[in-house]
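Asks: Pasting a structure here, questions to come.
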Amino acid sequence: MRPMRKIVIVGATSAIAEHCARLWLKNEPADLILLGRDAQRIERVAADLKVRSPASTIHILQADFMDPTAIQTTVEIIANQGPVDIALIAHGTLPAQAECQVDLGLCRDTLEINGISPVLFAECFAKHMEASNRGTIAIIGSVAGDRGRKSNYVYGAAKGLVDRYAQGLQHRLAGSAVKVSLIKPGPTQTPMTAHLRSLNVKLAPVDNVAELIVRGIEAGQDVIYAPKKWRLIMLVIKHMPSSIFNKLNI
Amino acid sequence: MTPVSSWGRLSAHPHNVISLNNPSNVRNILCNSRHPGLAHGMGRSYGDVCLNPEGTLWLTTGLDHFTAFDECTGRLVCESGVLIRDIQRLMIPRGWILPVTPGTQLITVGGAIANDVHGKNHHVLGSFGDHVKKLTLIRTDGEVIHCGPNQHPDWFAATVGGLGLTGVITQAEIQLRRVPGPWLNTETVPYSDLDEFFRLADASEAGWEHTVSWIDCLSGGRGRGLFMRGNPADIGQRPEPRDRKLTMPMAPPVSIINQLSLRPFNMAYYHLKKLRAGQKITHYEPFFYPLDNLLEWNRMYGPKGFFQYQCVLPREIGRDAVQAMLREISGAGDGSFLAVLKTFGNCPPVGMLSFPQPGVTLALDFTNHGERTFKLFAKLDAIVREAKGRIYPAKDARMPRELFETGYPRLPEFTKYRDPGISSAFSRRVMGS
Ligand SMILES: Cc1cc2nc3c(=O)[nH]c(=O)nc-3n(C[C@H](O)[C@H](O)[C@H](O)COP(=O)(O)OP(=O)(O)OC[C@H]3O[C@@H](n4cnc5c(N)ncnc54)[C@H](O)[C@@H]3O)c2cc1C
Ligand SMILES: NC(=O)c1ccc[n+]([C@@H]2O[C@H](COP(=O)([O-])OP(=O)(O)OC[C@H]3O[C@@H](n4cnc5c(N)ncnc54)[C@H](OP(=O)(O)O)[C@@H]3O)[C@@H](O)[C@H]2O)c1
């Protein structure tokens with residue numbers, strides 16, 4: 001029997017990440033490491049996955065996601081236990097844009113947790129994966145990172161940072177066996193978007209989005225749009241002249 | 001505010017919808033929401049037990065985590081928003097099954113408890129609540145109650161079948177049952193009248209775990225139909241059917257279930273099935289949940305929605321009462337696509353307001369034709385009243401208050417356990433608050 005794959009999920013309580021984990025474990029047991037900021041919330045996810053896949057081993061780790069030292073130490077601990085096959089970096093928050101415009105503390109935190117923190121995690125994993133010449137880093141960005149819009153450009157700017165970072169990392173690791181996948185979900189039904197439900201925004205079911213992500217990662221795709229239609233939609237939006245774009249209320 | 005409909009699509013009133021995503025903040029949310037509120041699972045109830053127009057709905061589908069499972073004893077602990085489908089798909093391959101499930105698996109554990117749902121095996125295993133060993137209930141004043149058959153049994157009896165009115169269930173412990181695999185030995189037997197139905201039902205109760213029948217409600221009072229029965233089959237591995245989904249893309253502008261389409265449909269169905277009657281091996285999904293592959297079939301009743309009328313009638317007069325009801329329906333020509341006739345066993349109901357009681361249950365769908373439909377219901381109500389039967393709240397959107405009171409004699413006892421911060425369109429209609 002081949003050994004179980006080691007999968008690390010950073011931001012393991014994210015609904016999108018959880019559904020990815022459920023799919024991975026449905027296919028085969030894995031050696032799973034769940035990383036989050038709140039032990040109780042991660043325990044809940046771990047218990048659920050353990051019921052779904054009793055043969056998997058599941059460990060949980062807690063860390064401060066805004067602290068570079070904590071990030072580095074945590075990834076070192078993981079890497080010291082052996083090579084990682086997949087690192088999915090999933091955490092993020094979507095505060096109201098209007099609040100980011102008046103509260104600079106919130107504005108900075110939003111940029112940091114959605115942009116800098118995922119990059120620091122990815123950088124640590126990249127170092128170890130490059131050394132062992134194996135593994136996949138999958139980072140969740142967003143369609144919001146493709147073009148700044150008035151309704152969420154602070155969040156979008158952070159996601160854009162992740163986009164550019166992933167591009168660079170892909171360039172750096174192109175000659176190696178390490179893969180980097182950038183995931184760009186469209187609006188998805190998760191706790192993050194609960195407030196959008198009453199505004200009748202159309203949200204994709206989270207299990208469908210997770211399925212596309214898992215498939216994309218397994219296929220080694222560079223950029224995964226989920227649902228797929230967003231690739232085309234964002235292509236149009238990205239290339240729209242500002243004269244038109246700036247008149248849109250989006 | 002978000003418009004919310006139940007399965008019958010009779011209304012789409014605005015609700016203040018709040019998603020519950022973690023059991024640890026439910027208490028806080030319940031205390032601080034605008035009252036009255038109401039738990040809402042998959043909204044698979046047909047009428048108004050899961051609606052609270054202009055009020056708060058606590059959506060439970062985010063409480064979708066398993067907590068623990070003991071492979072040796074079959075005890076499952078999970079959150080209340082977990083879907084029956086997910087339990088079945090995960091556990092059946094491991095040799096365990098939910099003992100009781102209704103005709104759809106797209107419902108939550110919380111909804112199954114709050115309506116104390118029944119399945120095709122009521123005569124053997126009772127209702128869903130019979131297999132719940134413990135549950136956690138959170139009240140809008142912040143009180144947390146752990147109850148079960150042996151722990152605060154009064155709270156348990158009020159909450160099982162309690163229509164969400166005693167608090168919000170966040171977690172449940174359920175006793176699963178051993179099963180050899182996903183397959184069933186099934187048999188379809190046509191019957192030509194109600195006497196034959198009852199003979200078949202009596203004869204099948206000892207040897208068959210699952211029994212149900214489809215009845216052609218336009219065949220007049222005669223009551224011809226198809227009797228279906230099944231037992232778990234121990235036949236090892238076979239390829240499972242693919243997950244086929246067909247969706248009604250949108251509500252057609254008029255109901256396509258009308259008199260013209262109904263009679264030929266019923267006849268065709270009857271004769272087609274009669275040709276194929278006999279024994280076969282069937283996967284549990286199409287046998288237990290035949291309509292789940294036709295996602296959103298409820299839309300085909302058109303924009304005004306539809307009613308389901310489900311009652312249970314005591315066994316002694318069940319035959320005559322069913323016959324009388326079929327006559328009324330046949331006369332009105334408004335019969336249904338899904339008419340189900342089934343006997344219930346004698347096990348005592350778990351909950352104070354549980355629907356199943358010994359006897360026979362008849363369930364029919366009716367397109368909403370306004371006054372015309374209400375007139376027919378009044379006639380059916382009279383038969384149910386006379387027979388000392390009762391109507392199933394999970395399917396109801398219109399029963400008169402007095403019929404609810406006579407049908408559910410433990411209502412005064414139940415009322416003491418209600419949560420004052422919770423009410424539904426149903427409770428306001430038949431309980432006054
Ligand atoms: C095709 C079809 C076939 C069906 N067949 C059957 C059948 O064979 N037998 C049968 O018994 N029923 C049957 N039903 C009815 C269905 O099983 C019930 O209505 C079930 O309760 C729906 O569950 P839900 O999760 O959708 O709950 P909802 O419809 O959303 O809610 C139902 C009730 O449960 C309460 N509730 C929900 N979650 C909680 C919670 N966490 N805590 C407290 N209260 C809660 C709600 O307040 C409401 O009163 C069928 C329905 C359909 C659509
Ligand atoms: N949902 C969408 O529509 C959508 C669209 C595009 C992109 N995305 C992206 O998809 C990813 C997953 O989001 P989701 O939809 O699954 O949302 P979610 O369920 O709300 O998950 C958000 C996750 O981020 C974590 N998190 C938030 N702030 C944190 C902090 N300061 N420190 C540590 N962890 C923090 C949360 O941890 P706690 O549980 O501890 O709070 C949680 O695990 C995010 O990167 C999001 O930006 C989502």
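Each chain of the structure tokens is named A, B, ... in the order shown, its residues numbered from 1; ligands are numbered from 1 in display order.
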Tell me, as an MDAnalysis selection string, which residues lie within 10 Å of Pro68 of chain A, counting only C-alpha atoms; anything in the same chain fewer than 2 positions away does not count.
Replies: chainID A and resid 64:66 70:74 116:117 120:121 124
Asks: Counting only C-alpha atoms, which residues from chain A have an atom at most 12 Å from any atom of chain B, and could you show them as a PyMOL selection string?
Replies: chain A and resi 13-15+18-19+22+25-26+40-54+189-201+206
Asks: For the residues in that selection, give me C-alpha atoms as a short mmCIF file (atom, residue, chain, number, x, y, z; two decimals), in the first residue's frame.
Replies:
```cif
data_model
loop_
_atom_site.label_atom_id
_atom_site.label_comp_id
_atom_site.auth_asym_id
_atom_site.auth_seq_id
_atom_site.Cartn_x
_atom_site.Cartn_y
_atom_site.Cartn_z
CA THR A 13 -12.36 26.12 9.30
CA SER A 14 -13.11 27.89 6.00
CA ALA A 15 -16.23 26.38 4.47
CA GLU A 18 -13.64 22.04 4.63
CA HIS A 19 -15.54 20.87 1.58
CA ARG A 22 -14.34 16.17 2.70
CA LEU A 25 -11.04 12.06 2.33
CA LYS A 26 -13.96 10.63 0.40
CA GLN A 40 -12.38 24.82 19.40
CA ARG A 41 -13.46 25.61 15.86
CA ILE A 42 -10.72 23.42 14.37
CA GLU A 43 -11.68 20.57 16.72
CA ARG A 44 -15.18 20.64 15.30
CA VAL A 45 -13.84 20.28 11.77
CA ALA A 46 -11.42 17.54 12.80
CA ALA A 47 -14.17 15.53 14.53
CA ASP A 48 -16.37 15.76 11.45
CA LEU A 49 -13.60 14.62 9.12
CA LYS A 50 -12.69 11.78 11.46
CA VAL A 51 -16.26 10.44 11.29
CA ARG A 52 -16.16 10.73 7.52
CA SER A 53 -12.81 8.99 7.24
CA PRO A 54 -11.82 6.94 10.30
CA GLN A 189 -22.39 30.20 -0.37
CA THR A 190 -20.29 30.24 2.81
CA PRO A 191 -20.39 32.11 6.12
CA MET A 192 -18.28 34.81 4.45
CA THR A 193 -21.11 35.70 2.11
CA ALA A 194 -24.06 35.14 4.47
CA HIS A 195 -24.84 38.86 4.37
CA LEU A 196 -25.14 38.76 0.57
CA ARG A 197 -27.94 36.22 0.65
CA SER A 198 -30.56 38.77 1.59
CA LEU A 199 -29.36 41.01 -1.26
CA ASN A 200 -30.26 38.20 -3.65
CA VAL A 201 -26.71 37.83 -4.94
CA VAL A 206 -19.88 25.41 -1.82
#
```
Asks: Excluding segment 387-404 of chain B and any residue of its chain fewer than 3 positions from it, enumerate the residues within 6 Å of it, using only C-alpha atoms, and give them as a list in words.
Replies: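 Non-adjacent residues within range: Ser45, Tyr46, Gly47, Asp48, Gln308, Gln310, Cys311, Val312, Leu313, Phe355, Val384, Gly407, Tyr408 and Val430 of chain B.
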Asks: Among the residues of segment 63-246 of chain A, find those DSSP assigns to strand (DSSP E or B) from the backbone and print them as a count of residues only.
Replies: 22
Asks: Could you check the closest approach to Lys379 of chain B for each of B:Arg222, B:Tyr309, B:Met325, B:Ile174 and tell me which residue wins, using only C-alpha atoms?
Replies: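 The closest residue to Lys379 of chain B is B:Met325.
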Asks: List all protein, DNA and RNA residues that have an atom no more than 7 Å from any atom of ligand 1, counting only C-alpha atoms and all ligand atoms, and report them as a tab-separated table (two decimals) with all heavy atoms, in the first residue's frame.
Replies:
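Now in out_9.tsv:
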```tsv
chain	number	residue	atom	x	y	z
B	6	SER	N	-41.90	27.40	1.24
B	6	SER	CA	-41.72	26.01	1.63
B	6	SER	C	-41.94	25.15	0.38
B	6	SER	O	-42.10	25.67	-0.71
B	6	SER	CB	-42.69	25.63	2.75
B	6	SER	OG	-44.01	25.72	2.27
B	7	TRP	N	-41.96	23.83	0.55
B	7	TRP	CA	-41.99	22.94	-0.62
B	7	TRP	C	-43.24	23.13	-1.49
B	7	TRP	O	-43.20	22.98	-2.69
B	7	TRP	CB	-41.87	21.49	-0.13
B	7	TRP	CG	-41.62	20.52	-1.23
B	7	TRP	CD1	-42.45	19.52	-1.62
B	7	TRP	CD2	-40.47	20.45	-2.09
B	7	TRP	NE1	-41.88	18.83	-2.66
B	7	TRP	CE2	-40.67	19.38	-2.97
B	7	TRP	CE3	-39.29	21.21	-2.19
B	7	TRP	CZ2	-39.75	19.03	-3.94
B	7	TRP	CZ3	-38.37	20.86	-3.17
B	7	TRP	CH2	-38.60	19.79	-4.02
B	38	LEU	N	-37.68	31.18	14.23
B	38	LEU	CA	-38.05	29.79	13.99
B	38	LEU	C	-36.89	29.10	13.28
B	38	LEU	O	-36.28	29.68	12.39
B	38	LEU	CB	-39.30	29.73	13.09
B	38	LEU	CG	-39.82	28.32	12.75
B	38	LEU	CD1	-40.49	27.69	13.97
B	38	LEU	CD2	-40.83	28.37	11.59
B	39	ALA	N	-36.62	27.85	13.69
B	39	ALA	CA	-35.60	27.09	12.97
B	39	ALA	C	-36.14	26.67	11.60
B	39	ALA	O	-37.32	26.37	11.46
B	39	ALA	CB	-35.20	25.84	13.76
B	40	HIS	N	-35.24	26.66	10.61
B	40	HIS	CA	-35.63	26.27	9.25
B	40	HIS	C	-34.53	25.38	8.69
B	40	HIS	O	-33.37	25.78	8.64
B	40	HIS	CB	-35.80	27.53	8.40
B	40	HIS	CG	-36.26	27.27	7.00
B	40	HIS	ND1	-37.59	27.34	6.64
B	40	HIS	CD2	-35.59	26.96	5.87
B	40	HIS	CE1	-37.71	27.08	5.33
B	40	HIS	NE2	-36.50	26.84	4.85
B	41	GLY	N	-34.89	24.15	8.30
B	41	GLY	CA	-33.90	23.22	7.77
B	41	GLY	C	-33.84	23.33	6.26
B	41	GLY	O	-33.41	24.34	5.71
B	42	MET	N	-34.29	22.30	5.57
B	42	MET	CA	-34.28	22.31	4.11
B	42	MET	C	-35.60	22.82	3.52
B	42	MET	O	-35.78	22.79	2.30
B	42	MET	CB	-33.99	20.90	3.58
B	42	MET	CG	-32.53	20.49	3.75
B	42	MET	SD	-31.43	21.40	2.64
B	42	MET	CE	-31.69	20.49	1.09
B	43	GLY	N	-36.53	23.22	4.38
B	43	GLY	CA	-37.81	23.73	3.87
B	43	GLY	C	-38.57	22.70	3.06
B	43	GLY	O	-39.30	23.05	2.14
B	44	ARG	N	-38.39	21.43	3.39
B	44	ARG	CA	-39.06	20.35	2.66
B	44	ARG	C	-40.46	20.08	3.21
B	44	ARG	O	-41.15	19.19	2.73
B	44	ARG	CB	-38.22	19.08	2.73
B	44	ARG	CG	-37.64	18.62	1.40
B	44	ARG	CD	-36.94	19.70	0.65
B	44	ARG	NE	-36.42	19.24	-0.62
B	44	ARG	CZ	-35.53	19.90	-1.33
B	44	ARG	NH1	-35.08	21.05	-0.90
B	44	ARG	NH2	-35.12	19.43	-2.49
B	45	SER	N	-40.85	20.80	4.26
B	45	SER	CA	-42.23	20.72	4.69
B	45	SER	C	-43.07	21.43	3.63
B	45	SER	O	-42.64	22.41	3.05
B	45	SER	CB	-42.41	21.39	6.05
B	45	SER	OG	-41.62	20.69	7.00
B	46	TYR	N	-44.27	20.92	3.41
B	46	TYR	CA	-45.07	21.45	2.30
B	46	TYR	C	-45.75	22.78	2.62
B	46	TYR	O	-46.01	23.57	1.74
B	46	TYR	CB	-46.15	20.43	1.93
B	46	TYR	CG	-45.65	19.26	1.14
B	46	TYR	CD1	-44.75	18.36	1.70
B	46	TYR	CD2	-46.09	19.03	-0.17
B	46	TYR	CE1	-44.30	17.27	0.98
B	46	TYR	CE2	-45.65	17.93	-0.90
B	46	TYR	CZ	-44.76	17.06	-0.32
B	46	TYR	OH	-44.31	15.99	-1.04
B	49	VAL	N	-45.27	25.03	8.59
B	49	VAL	CA	-44.58	24.77	9.86
B	49	VAL	C	-43.17	25.34	9.86
B	49	VAL	O	-42.62	25.61	10.92
B	49	VAL	CB	-44.48	23.26	10.23
B	49	VAL	CG1	-45.82	22.67	10.60
B	49	VAL	CG2	-43.79	22.46	9.16
B	50	CYS	N	-42.57	25.51	8.68
B	50	CYS	CA	-41.19	26.00	8.62
B	50	CYS	C	-41.12	27.47	8.21
B	50	CYS	O	-40.05	27.95	7.85
B	50	CYS	CB	-40.36	25.13	7.68
B	50	CYS	SG	-41.00	25.07	6.00
B	60	THR	N	-30.55	26.31	9.53
B	60	THR	CA	-29.68	25.37	10.24
B	60	THR	C	-28.73	24.58	9.34
B	60	THR	O	-27.93	23.80	9.85
B	60	THR	CB	-30.54	24.33	11.00
B	60	THR	OG1	-31.29	23.59	10.03
B	60	THR	CG2	-31.49	24.99	11.97
B	80	SER	N	-27.52	19.35	13.91
B	80	SER	CA	-28.90	19.20	13.45
B	80	SER	C	-29.12	19.55	11.99
B	80	SER	O	-30.16	19.24	11.42
B	80	SER	CB	-29.81	20.06	14.31
B	80	SER	OG	-29.42	21.42	14.18
B	81	GLY	N	-28.14	20.21	11.35
B	81	GLY	CA	-28.32	20.57	9.95
B	81	GLY	C	-27.77	19.53	8.98
B	81	GLY	O	-27.85	19.71	7.77
B	102	PRO	N	-37.88	9.48	5.62
B	102	PRO	CA	-39.10	9.76	4.86
B	102	PRO	C	-38.87	9.58	3.36
B	102	PRO	O	-37.80	9.11	2.95
B	102	PRO	CB	-39.38	11.23	5.20
B	102	PRO	CG	-38.05	11.81	5.46
B	102	PRO	CD	-37.20	10.71	6.04
B	103	GLY	N	-39.83	9.99	2.55
B	103	GLY	CA	-39.77	9.79	1.11
B	103	GLY	C	-38.81	10.71	0.38
B	103	GLY	O	-38.74	10.69	-0.85
B	104	THR	N	-38.09	11.54	1.11
B	104	THR	CA	-37.02	12.34	0.50
B	104	THR	C	-35.84	12.31	1.46
B	104	THR	O	-36.02	12.30	2.67
B	104	THR	CB	-37.45	13.80	0.25
B	104	THR	OG1	-36.30	14.53	-0.18
B	104	THR	CG2	-38.00	14.48	1.49
B	107	ILE	N	-33.48	16.28	3.57
B	107	ILE	CA	-33.97	16.98	4.75
B	107	ILE	C	-32.90	16.91	5.83
B	107	ILE	O	-31.98	16.10	5.76
B	107	ILE	CB	-35.28	16.37	5.29
B	107	ILE	CG1	-35.05	14.97	5.86
B	107	ILE	CG2	-36.35	16.31	4.21
B	107	ILE	CD1	-36.14	14.52	6.81
B	108	THR	N	-33.05	17.77	6.83
B	108	THR	CA	-32.07	17.81	7.90
B	108	THR	C	-32.49	16.90	9.06
B	108	THR	O	-33.67	16.56	9.20
B	108	THR	CB	-31.94	19.24	8.45
B	108	THR	OG1	-33.21	19.63	9.00
B	108	THR	CG2	-31.53	20.23	7.38
B	109	VAL	N	-31.52	16.57	9.88
B	109	VAL	CA	-31.80	15.79	11.09
B	109	VAL	C	-32.78	16.56	12.00
B	109	VAL	O	-33.73	16.00	12.54
B	109	VAL	CB	-30.48	15.47	11.84
B	109	VAL	CG1	-30.74	15.02	13.26
B	109	VAL	CG2	-29.70	14.42	11.06
B	110	GLY	N	-32.56	17.88	12.13
B	110	GLY	CA	-33.44	18.70	12.97
B	110	GLY	C	-34.88	18.67	12.47
B	110	GLY	O	-35.83	18.54	13.25
B	111	GLY	N	-35.05	18.78	11.16
B	111	GLY	CA	-36.40	18.72	10.57
B	111	GLY	C	-37.03	17.35	10.77
B	111	GLY	O	-38.23	17.24	11.03
B	112	ALA	N	-36.21	16.30	10.67
B	112	ALA	CA	-36.72	14.94	10.86
B	112	ALA	C	-37.21	14.74	12.29
B	112	ALA	O	-38.23	14.08	12.53
B	112	ALA	CB	-35.63	13.92	10.54
B	114	ALA	N	-38.13	17.34	14.43
B	114	ALA	CA	-39.21	18.29	14.75
B	114	ALA	C	-40.55	17.87	14.15
B	114	ALA	O	-41.60	18.23	14.66
B	114	ALA	CB	-38.82	19.69	14.30
B	115	ASN	N	-40.52	17.12	13.04
B	115	ASN	CA	-41.77	16.59	12.49
B	115	ASN	C	-41.92	15.11	12.84
B	115	ASN	O	-42.86	14.47	12.37
B	115	ASN	CB	-41.83	16.77	10.97
B	115	ASN	CG	-42.39	18.13	10.59
B	115	ASN	OD1	-43.33	18.61	11.23
B	115	ASN	ND2	-41.84	18.75	9.56
B	116	ASP	N	-41.02	14.56	13.61
B	116	ASP	CA	-40.99	13.13	13.92
B	116	ASP	C	-41.43	12.31	12.70
B	116	ASP	O	-42.43	11.59	12.72
B	116	ASP	CB	-41.89	12.81	15.13
B	116	ASP	CG	-41.64	11.39	15.64
B	116	ASP	OD1	-40.59	10.81	15.29
B	116	ASP	OD2	-42.49	10.86	16.38
B	117	VAL	N	-40.63	12.40	11.65
B	117	VAL	CA	-41.01	11.85	10.35
B	117	VAL	C	-41.09	10.32	10.39
B	117	VAL	O	-40.47	9.66	11.22
B	117	VAL	CB	-40.05	12.29	9.23
B	117	VAL	CG1	-40.05	13.81	9.10
B	117	VAL	CG2	-38.65	11.78	9.47
B	118	HIS	N	-41.86	9.79	9.46
B	118	HIS	CA	-42.03	8.34	9.35
B	118	HIS	C	-41.58	7.90	7.96
B	118	HIS	O	-41.47	8.71	7.04
B	118	HIS	CB	-43.50	7.97	9.54
B	118	HIS	CG	-44.39	8.67	8.56
B	118	HIS	ND1	-44.95	9.91	8.83
B	118	HIS	CD2	-44.79	8.35	7.31
B	118	HIS	CE1	-45.65	10.29	7.78
B	118	HIS	NE2	-45.58	9.37	6.84
B	119	GLY	N	-41.34	6.60	7.83
B	119	GLY	CA	-40.95	6.06	6.54
B	119	GLY	C	-41.85	4.90	6.16
B	119	GLY	O	-42.97	4.78	6.66
B	120	LYS	N	-41.32	4.07	5.27
B	120	LYS	CA	-42.11	2.94	4.78
B	120	LYS	C	-42.12	1.79	5.76
B	120	LYS	O	-42.78	0.78	5.53
B	120	LYS	CB	-41.55	2.47	3.44
B	120	LYS	CG	-41.57	3.53	2.34
B	120	LYS	CD	-40.90	3.00	1.09
B	120	LYS	CE	-40.87	3.97	-0.08
B	120	LYS	NZ	-40.82	5.38	0.18
B	163	LEU	N	-42.41	20.54	16.19
B	163	LEU	CA	-42.53	21.54	15.13
B	163	LEU	C	-41.64	22.76	15.34
B	163	LEU	O	-41.99	23.87	14.95
B	163	LEU	CB	-44.01	21.98	15.00
B	163	LEU	CG	-45.01	20.82	14.88
B	163	LEU	CD1	-46.43	21.35	14.94
B	163	LEU	CD2	-44.78	20.03	13.60
B	164	GLY	N	-40.51	22.53	16.00
B	164	GLY	CA	-39.54	23.61	16.20
B	164	GLY	C	-39.95	24.61	17.26
B	164	GLY	O	-39.25	25.61	17.47
B	165	LEU	N	-41.05	24.35	17.97
B	165	LEU	CA	-41.61	25.38	18.85
B	165	LEU	C	-41.06	25.34	20.27
B	165	LEU	O	-41.37	26.22	21.08
B	165	LEU	CB	-43.14	25.24	18.88
B	165	LEU	CG	-43.83	25.38	17.51
B	165	LEU	CD1	-45.31	25.04	17.61
B	165	LEU	CD2	-43.65	26.80	16.98
B	167	GLY	N	-37.69	25.15	20.96
B	167	GLY	CA	-36.32	25.65	20.96
B	167	GLY	C	-35.64	25.19	19.69
B	167	GLY	O	-36.28	24.59	18.81
B	168	VAL	N	-34.34	25.47	19.58
B	168	VAL	CA	-33.60	25.03	18.40
B	168	VAL	C	-32.73	23.83	18.78
B	168	VAL	O	-31.95	23.91	19.73
B	168	VAL	CB	-32.75	26.17	17.81
B	168	VAL	CG1	-31.88	25.67	16.67
B	168	VAL	CG2	-33.65	27.30	17.33
B	169	ILE	N	-32.88	22.75	18.05
B	169	ILE	CA	-32.07	21.56	18.27
B	169	ILE	C	-30.73	21.81	17.59
B	169	ILE	O	-30.69	22.19	16.42
B	169	ILE	CB	-32.74	20.32	17.64
B	169	ILE	CG1	-34.14	20.11	18.21
B	169	ILE	CG2	-31.87	19.08	17.83
B	169	ILE	CD1	-35.03	19.21	17.34
B	170	THR	N	-29.63	21.63	18.33
B	170	THR	CA	-28.33	21.85	17.68
B	170	THR	C	-27.61	20.54	17.41
B	170	THR	O	-26.79	20.45	16.50
B	170	THR	CB	-27.40	22.73	18.54
B	170	THR	OG1	-27.35	22.18	19.85
B	170	THR	CG2	-27.91	24.15	18.58
B	291	LEU	N	-38.56	10.52	-5.81
B	291	LEU	CA	-38.66	11.81	-6.51
B	291	LEU	C	-37.42	12.67	-6.38
B	291	LEU	O	-37.34	13.73	-6.99
B	291	LEU	CB	-39.87	12.59	-5.99
B	291	LEU	CG	-41.23	11.94	-6.28
B	291	LEU	CD1	-42.34	12.74	-5.63
B	291	LEU	CD2	-41.47	11.83	-7.77
B	292	ASP	N	-36.45	12.22	-5.61
B	292	ASP	CA	-35.29	13.08	-5.37
B	292	ASP	C	-34.44	13.33	-6.62
B	292	ASP	O	-33.71	14.32	-6.68
B	292	ASP	CB	-34.40	12.53	-4.25
B	292	ASP	CG	-34.97	12.82	-2.87
B	292	ASP	OD1	-36.02	13.51	-2.80
B	292	ASP	OD2	-34.40	12.36	-1.87
B	394	ALA	N	-46.63	18.62	8.98
B	394	ALA	CA	-45.52	18.80	8.03
B	394	ALA	C	-46.03	19.07	6.61
B	394	ALA	O	-45.33	19.63	5.79
B	394	ALA	CB	-44.62	17.56	8.01
B	395	LYS	N	-47.25	18.62	6.33
B	395	LYS	CA	-47.78	18.76	4.98
B	395	LYS	C	-48.85	19.84	4.91
B	395	LYS	O	-49.39	20.11	3.84
B	395	LYS	CB	-48.41	17.42	4.54
B	395	LYS	CG	-47.54	16.19	4.73
B	395	LYS	CD	-46.35	16.20	3.80
B	395	LYS	CE	-45.46	14.98	3.96
B	395	LYS	NZ	-46.02	13.75	3.43
```
Asks: Atom CA of Phe128 of chain B and atom CA of Ile113 of chain B are how many Å apart?
Replies: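 Taking atom CA of Phe128 of chain B and atom CA of Ile113 of chain B, their separation equals 6.5 Å.
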Asks: Determine, counting only C-alpha atoms, which protein, DNA and RNA residues have an atom within 10 Å of an atom of Val143 of chain A; residues of the same chain fewer than 4 positions away are not included. Present the result as a short mmCIF file (atom, residue, chain, number, x, y, z; two decimals) with N, CA, C and O atoms, in the first residue's frame.
Replies:
```cif
data_model
loop_
_atom_site.label_atom_id
_atom_site.label_comp_id
_atom_site.auth_asym_id
_atom_site.auth_seq_id
_atom_site.Cartn_x
_atom_site.Cartn_y
_atom_site.Cartn_z
N ARG A 147 -9.81 42.58 -10.97
CA ARG A 147 -9.91 44.00 -11.29
C ARG A 147 -10.56 44.71 -10.11
O ARG A 147 -11.56 44.22 -9.58
N GLY A 148 -9.99 45.84 -9.73
CA GLY A 148 -10.53 46.57 -8.59
C GLY A 148 -11.92 47.13 -8.88
O GLY A 148 -12.16 47.65 -9.96
N GLY A 156 -10.12 43.20 -2.65
CA GLY A 156 -9.68 42.86 -4.01
C GLY A 156 -8.19 43.13 -4.19
O GLY A 156 -7.48 42.37 -4.86
N LYS A 159 -6.28 40.35 -2.66
CA LYS A 159 -6.37 39.15 -3.50
C LYS A 159 -5.54 39.32 -4.77
O LYS A 159 -4.97 38.36 -5.30
N GLY A 160 -5.44 40.57 -5.24
CA GLY A 160 -4.59 40.86 -6.40
C GLY A 160 -3.12 40.63 -6.05
O GLY A 160 -2.34 40.13 -6.88
N ASP A 163 -2.44 37.08 -6.27
CA ASP A 163 -2.40 36.71 -7.68
C ASP A 163 -0.98 36.93 -8.24
O ASP A 163 -0.37 36.02 -8.82
N ILE A 183 -6.31 29.69 -6.88
CA ILE A 183 -7.74 29.38 -6.97
C ILE A 183 -8.52 30.69 -6.92
O ILE A 183 -8.29 31.53 -6.04
N LYS A 184 -9.44 30.86 -7.86
CA LYS A 184 -10.24 32.09 -7.85
C LYS A 184 -11.72 31.74 -7.82
O LYS A 184 -12.36 31.60 -8.88
N PRO A 185 -12.27 31.63 -6.61
CA PRO A 185 -13.70 31.36 -6.53
C PRO A 185 -14.51 32.60 -6.92
O PRO A 185 -14.07 33.72 -6.70
N GLY A 186 -15.68 32.36 -7.49
CA GLY A 186 -16.67 33.42 -7.62
C GLY A 186 -17.49 33.43 -6.34
O GLY A 186 -17.19 32.68 -5.41
N PRO A 187 -18.52 34.28 -6.26
CA PRO A 187 -19.33 34.33 -5.05
C PRO A 187 -19.90 32.94 -4.70
O PRO A 187 -20.54 32.30 -5.52
N TYR A 225 -10.53 28.68 -11.84
CA TYR A 225 -11.73 29.48 -11.59
C TYR A 225 -12.84 28.52 -11.18
O TYR A 225 -13.01 27.46 -11.77
N ALA A 226 -13.60 28.91 -10.14
CA ALA A 226 -14.70 28.04 -9.70
C ALA A 226 -15.88 28.90 -9.25
O ALA A 226 -15.69 29.72 -8.37
N TRP A 230 -16.50 31.92 -14.46
CA TRP A 230 -15.86 33.18 -14.05
C TRP A 230 -14.60 33.49 -14.84
O TRP A 230 -14.18 34.64 -14.92
N ARG A 231 -13.99 32.48 -15.43
CA ARG A 231 -12.81 32.74 -16.27
C ARG A 231 -13.19 33.68 -17.42
O ARG A 231 -12.53 34.70 -17.65
N ILE A 233 -16.07 35.49 -17.65
CA ILE A 233 -16.63 36.75 -17.15
C ILE A 233 -15.50 37.71 -16.78
O ILE A 233 -15.51 38.88 -17.16
N MET A 234 -14.48 37.21 -16.09
CA MET A 234 -13.41 38.09 -15.65
C MET A 234 -12.53 38.52 -16.82
O MET A 234 -11.98 39.62 -16.81
#
```
